[in-house]
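Chemist: Take this structure, written in structure tokens, and hold onto it; I'll ask about it next.
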Amino acid sequence: KEAMDQMAAQKAAPTHVFVQAGVGSMSGAVVGYLVNRYRERPPAFIIMEPNNAACIFASAIAGDGRPHAVTGDLNTIMAGLACGEPNPMGWEILRDFSTGYVCCDNYVAANGIRILANPIGEDLPVEAGESGSVGIGLLDLLLNHRAFEKVKQALGIGPDSKLLFFNTEGATDPINYREILWYGKYPALHLPET
């Protein structure tokens with residue numbers, strides 16, 4: 001509500017909302033609130049998860065409308081999102097109202113940390129932990145790498161888009177945070193060209 005009130009004061013509304021999911025409780029609450037607030041024209045919702053713990057993504061691609069857990073190694077630097085089993089109520093909202101689901105590698109979150117900590121222009125630095133920075137890392141891929149152009153177009157992201165992200169944490173692991181910033185831990189080794 002606070003974010004929407006700030007945007008409304010600037011006579012703006014989000015066209016796209018990037019929200020990270022673990023079990024889907026927080027993301028389900030965000031999506032549910034915004035669908036109700038903007039009933040006539042809700043924004044596009046992009047749900048992001050770590051590759052190894054993408055239970056919302058797995059539930060979406062199963063195509064049967066039910067929540068599905070993922071098993072195995074849930075290891076990721078996005079520890080707050082390493083859950084593996086969807087919240088049933090959150091899943092129903094995310095299933096019915098999300099525009100897209102994205103699995104992200106560790107380097108996406110690490111790049112988000114670096115970008116937020118080192119802004120350009122007059123933007124202020126933001127100390128964001130791994131789970132809170134994945135959206136900005138994904139945005140970098142969508143806007144700055146040709147391999148993701150079709151995804152950007154499918155999502156309808158353009159110069160008039162109003163993008164909303166949620167940073168859910170600061171540097172909860174200070175040692176890892178410093179290694180990402182200072183030493184380039186979790187680099188994007190290569191990105192596909194097409």
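Residues are referred to by chain and number: the chain letter is A, B, ... according to the order shown in the structure tokens, the number counts from 1 in that chain, and ligands are numbered separately from 1 in the order shown.
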Running DSSP on the backbone, which parts of stretch 10-174 of chain A land in strand (DSSP E), as a list in words?

Modeler: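 Of stretch 10-174 of chain A, the ones in strand (DSSP E) are His16, Val17, Phe18, Val19, Gln20, Ala44, Phe45, Ile46, Ile47, Met48, Glu49, Pro50, Gly100, Tyr101, Val102, Cys103, Cys104, Leu163, Leu164 and Phe165 of chain A.
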
Chemist: List the neighbours of A:Gly72 out to 12 Å using only C-alpha atoms; skip same-chain residues closer than 5 positions along the sequence, and give me the result as a ChimeraX atom specification.

Modeler: /A:51-55,82-85

Chemist: Can you tell me which residues surround stretch 89-93 of chain A at a distance of at most 6 Å, considering only C-alpha atoms, apart from same-chain residues fewer than 3 positions away, and format the answer as a list of chain:residue names?

Modeler: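 Returned residues: A:Gly24, A:Ser25, A:Gly28, A:Asp96.
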
Chemist: Might you pull out every residue within 12 Å of A:Val17, with only C-alpha atoms counted and same-chain residues fewer than 3 positions away left off, and present them as a ChimeraX atom specification?

Modeler: /A:3-4,13-14,20,27,30-35,42-48,97-101,135-136,139,155,157,161-166

Chemist: For the selection you just gave me, I'd like the residues written to a file as a CSV table (one decimal), in the first residue's frame, keeping N, CA and C atoms.

Modeler:
```
chain,number,residue,atom,x,y,z
A,3,ALA,N,3.9,1.6,-1.2
A,3,ALA,CA,4.5,1.8,-2.5
A,3,ALA,C,3.4,2.4,-3.5
A,4,MET,N,2.2,1.9,-3.4
A,4,MET,CA,1.2,2.3,-4.3
A,4,MET,C,0.8,3.8,-4.0
A,13,ALA,N,1.1,4.5,-11.9
A,13,ALA,CA,0.7,3.1,-11.4
A,13,ALA,C,1.6,2.2,-12.1
A,14,PRO,N,1.9,1.0,-11.4
A,14,PRO,CA,2.9,0.1,-12.0
A,14,PRO,C,2.3,-0.6,-13.2
A,20,GLN,N,9.7,-11.7,-6.0
A,20,GLN,CA,10.4,-13.0,-5.8
A,20,GLN,C,9.5,-13.9,-5.0
A,27,SER,N,4.7,-13.1,-2.3
A,27,SER,CA,4.4,-12.8,-3.7
A,27,SER,C,2.9,-12.9,-3.9
A,30,VAL,N,1.3,-9.8,-2.5
A,30,VAL,CA,1.5,-8.6,-3.3
A,30,VAL,C,0.6,-8.7,-4.6
A,31,VAL,N,0.6,-9.8,-5.2
A,31,VAL,CA,-0.3,-10.0,-6.4
A,31,VAL,C,-1.7,-9.8,-6.1
A,32,GLY,N,-2.2,-10.5,-5.0
A,32,GLY,CA,-3.6,-10.4,-4.6
A,32,GLY,C,-4.0,-8.9,-4.3
A,33,TYR,N,-3.1,-8.2,-3.6
A,33,TYR,CA,-3.4,-6.8,-3.2
A,33,TYR,C,-3.5,-6.0,-4.5
A,34,LEU,N,-2.5,-6.1,-5.4
A,34,LEU,CA,-2.5,-5.2,-6.6
A,34,LEU,C,-3.6,-5.6,-7.6
A,35,VAL,N,-4.0,-6.8,-7.7
A,35,VAL,CA,-5.1,-7.2,-8.6
A,35,VAL,C,-6.4,-6.5,-8.1
A,42,PRO,N,-4.9,-4.4,-14.1
A,42,PRO,CA,-3.8,-4.8,-13.2
A,42,PRO,C,-2.5,-4.9,-14.0
A,43,PRO,N,-1.4,-4.7,-13.3
A,43,PRO,CA,-0.1,-4.8,-13.9
A,43,PRO,C,0.2,-6.2,-14.3
A,44,ALA,N,1.3,-6.4,-15.1
A,44,ALA,CA,1.9,-7.7,-15.4
A,44,ALA,C,2.7,-8.1,-14.2
A,45,PHE,N,2.6,-9.4,-13.8
A,45,PHE,CA,3.3,-9.9,-12.6
A,45,PHE,C,4.3,-10.9,-13.1
A,46,ILE,N,5.6,-10.7,-12.7
A,46,ILE,CA,6.7,-11.6,-13.1
A,46,ILE,C,7.2,-12.2,-11.8
A,47,ILE,N,7.1,-13.5,-11.7
A,47,ILE,CA,7.4,-14.2,-10.4
A,47,ILE,C,8.8,-14.8,-10.6
A,48,MET,N,9.7,-14.5,-9.7
A,48,MET,CA,11.1,-15.0,-9.8
A,48,MET,C,11.5,-15.9,-8.7
A,97,PHE,N,-3.1,-15.1,-11.7
A,97,PHE,CA,-2.9,-13.7,-12.1
A,97,PHE,C,-1.5,-13.4,-12.5
A,98,SER,N,-0.6,-14.3,-12.5
A,98,SER,CA,0.8,-14.0,-13.0
A,98,SER,C,0.9,-14.0,-14.5
A,99,THR,N,1.8,-13.2,-15.0
A,99,THR,CA,2.1,-13.1,-16.4
A,99,THR,C,3.2,-14.0,-16.8
A,100,GLY,N,4.2,-14.1,-15.9
A,100,GLY,CA,5.3,-15.0,-16.3
A,100,GLY,C,6.0,-15.5,-15.0
A,101,TYR,N,6.7,-16.6,-15.2
A,101,TYR,CA,7.5,-17.2,-14.1
A,101,TYR,C,8.9,-17.4,-14.6
A,135,GLY,N,15.4,-9.3,-8.7
A,135,GLY,CA,14.6,-8.6,-9.7
A,135,GLY,C,15.4,-7.6,-10.5
A,136,ILE,N,16.3,-6.9,-9.9
A,136,ILE,CA,17.1,-5.9,-10.6
A,136,ILE,C,18.1,-6.7,-11.5
A,139,LEU,N,16.1,-7.7,-14.5
A,139,LEU,CA,15.9,-6.6,-15.3
A,139,LEU,C,17.1,-6.2,-16.2
A,155,LEU,N,6.8,-9.7,-22.5
A,155,LEU,CA,6.3,-9.0,-21.2
A,155,LEU,C,5.8,-7.6,-21.5
A,157,ILE,N,7.6,-4.9,-22.0
A,157,ILE,CA,8.4,-3.9,-21.3
A,157,ILE,C,9.0,-2.9,-22.3
A,161,SER,N,7.1,1.9,-19.6
A,161,SER,CA,6.7,1.0,-18.5
A,161,SER,C,7.1,1.6,-17.1
A,162,LYS,N,6.3,1.3,-16.2
A,162,LYS,CA,6.5,1.7,-14.8
A,162,LYS,C,6.7,0.4,-14.0
A,163,LEU,N,8.0,0.1,-13.6
A,163,LEU,CA,8.4,-1.2,-13.0
A,163,LEU,C,8.5,-1.0,-11.5
A,164,LEU,N,7.9,-2.0,-10.8
A,164,LEU,CA,8.0,-2.1,-9.4
A,164,LEU,C,8.7,-3.3,-8.9
A,165,PHE,N,9.6,-3.2,-8.0
A,165,PHE,CA,10.4,-4.3,-7.4
A,165,PHE,C,10.3,-4.2,-5.9
A,166,PHE,N,10.5,-5.3,-5.3
A,166,PHE,CA,10.5,-5.4,-3.8
A,166,PHE,C,11.8,-6.0,-3.3
```

Chemist: Where in chain A does DSSP assign alpha helix (DSSP H), given as number ranges by chain?

Modeler: A: 2-9, 25-37, 55-62, 88-97, 106-117, 130-144, 149-155, 174-183

Chemist: May I ask for the distance between atom CA of A:Leu142 and atom CA of A:Leu124, given in Å to one decimal place?

Modeler: 22.2 Å

Chemist: Could you tell me how far atom CA of A:Ile175 lies from atom CA of A:Leu143, in Å and to one decimal?

Modeler: 29.5 Å

Chemist: Would you list the contacts of A:Pro187 as an MDAnalysis selection string, taking every protein, DNA or RNA residue within 12 Å and counting only C-alpha atoms, but skipping same-chain residues closer than 4 positions in sequence?

Modeler: chainID A and resid 105:114 137 179:183 191

Chemist: Go ahead and write the residues just picked, C-alpha atoms, as a PDB file, in the first residue's frame.

Modeler:
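Writing done, so here's result.pdb:
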```
ATOM      1  CA  ASP A 105      20.708 -18.573 -11.518  1.00  0.00           C
ATOM      2  CA  ASN A 106      22.835 -17.266  -8.641  1.00  0.00           C
ATOM      3  CA  TYR A 107      24.643 -14.802 -10.934  1.00  0.00           C
ATOM      4  CA  VAL A 108      21.339 -12.977 -11.581  1.00  0.00           C
ATOM      5  CA  ALA A 109      20.965 -12.138  -7.895  1.00  0.00           C
ATOM      6  CA  ALA A 110      24.692 -11.339  -7.582  1.00  0.00           C
ATOM      7  CA  ASN A 111      24.488  -8.914 -10.503  1.00  0.00           C
ATOM      8  CA  GLY A 112      21.443  -7.322  -8.870  1.00  0.00           C
ATOM      9  CA  ILE A 113      23.461  -6.788  -5.679  1.00  0.00           C
ATOM     10  CA  ARG A 114      26.269  -5.113  -7.637  1.00  0.00           C
ATOM     11  CA  GLY A 137      19.468  -8.641 -11.868  1.00  0.00           C
ATOM     12  CA  GLU A 179      32.645 -11.226  -1.658  1.00  0.00           C
ATOM     13  CA  ILE A 180      30.013 -10.511  -4.321  1.00  0.00           C
ATOM     14  CA  LEU A 181      30.764  -6.773  -4.315  1.00  0.00           C
ATOM     15  CA  TRP A 182      34.521  -6.729  -3.841  1.00  0.00           C
ATOM     16  CA  TYR A 183      35.630  -9.896  -5.563  1.00  0.00           C
ATOM     17  CA  LEU A 191      25.403 -15.120 -21.783  1.00  0.00           C
TER      18      LEU A 191
END
```

Chemist: From the set A:Val23, A:Ala79, A:Arg41, A:His145, which residue has the shortest atom-to-atom contact distance to A:Pro67, counting only C-alpha atoms?

Modeler: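 Among A:Val23, A:Ala79, A:Arg41, A:His145, it is A:Val23 that comes nearest to A:Pro67.
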
Chemist: Counting only C-alpha atoms, which of A:Ala69, A:Met78, A:Ala154, A:Ala58 gets nearest to A:Cys104?

Modeler: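 Between A:Ala69, A:Met78, A:Ala154, A:Ala58, the residue approaching A:Cys104 most closely is A:Met78.
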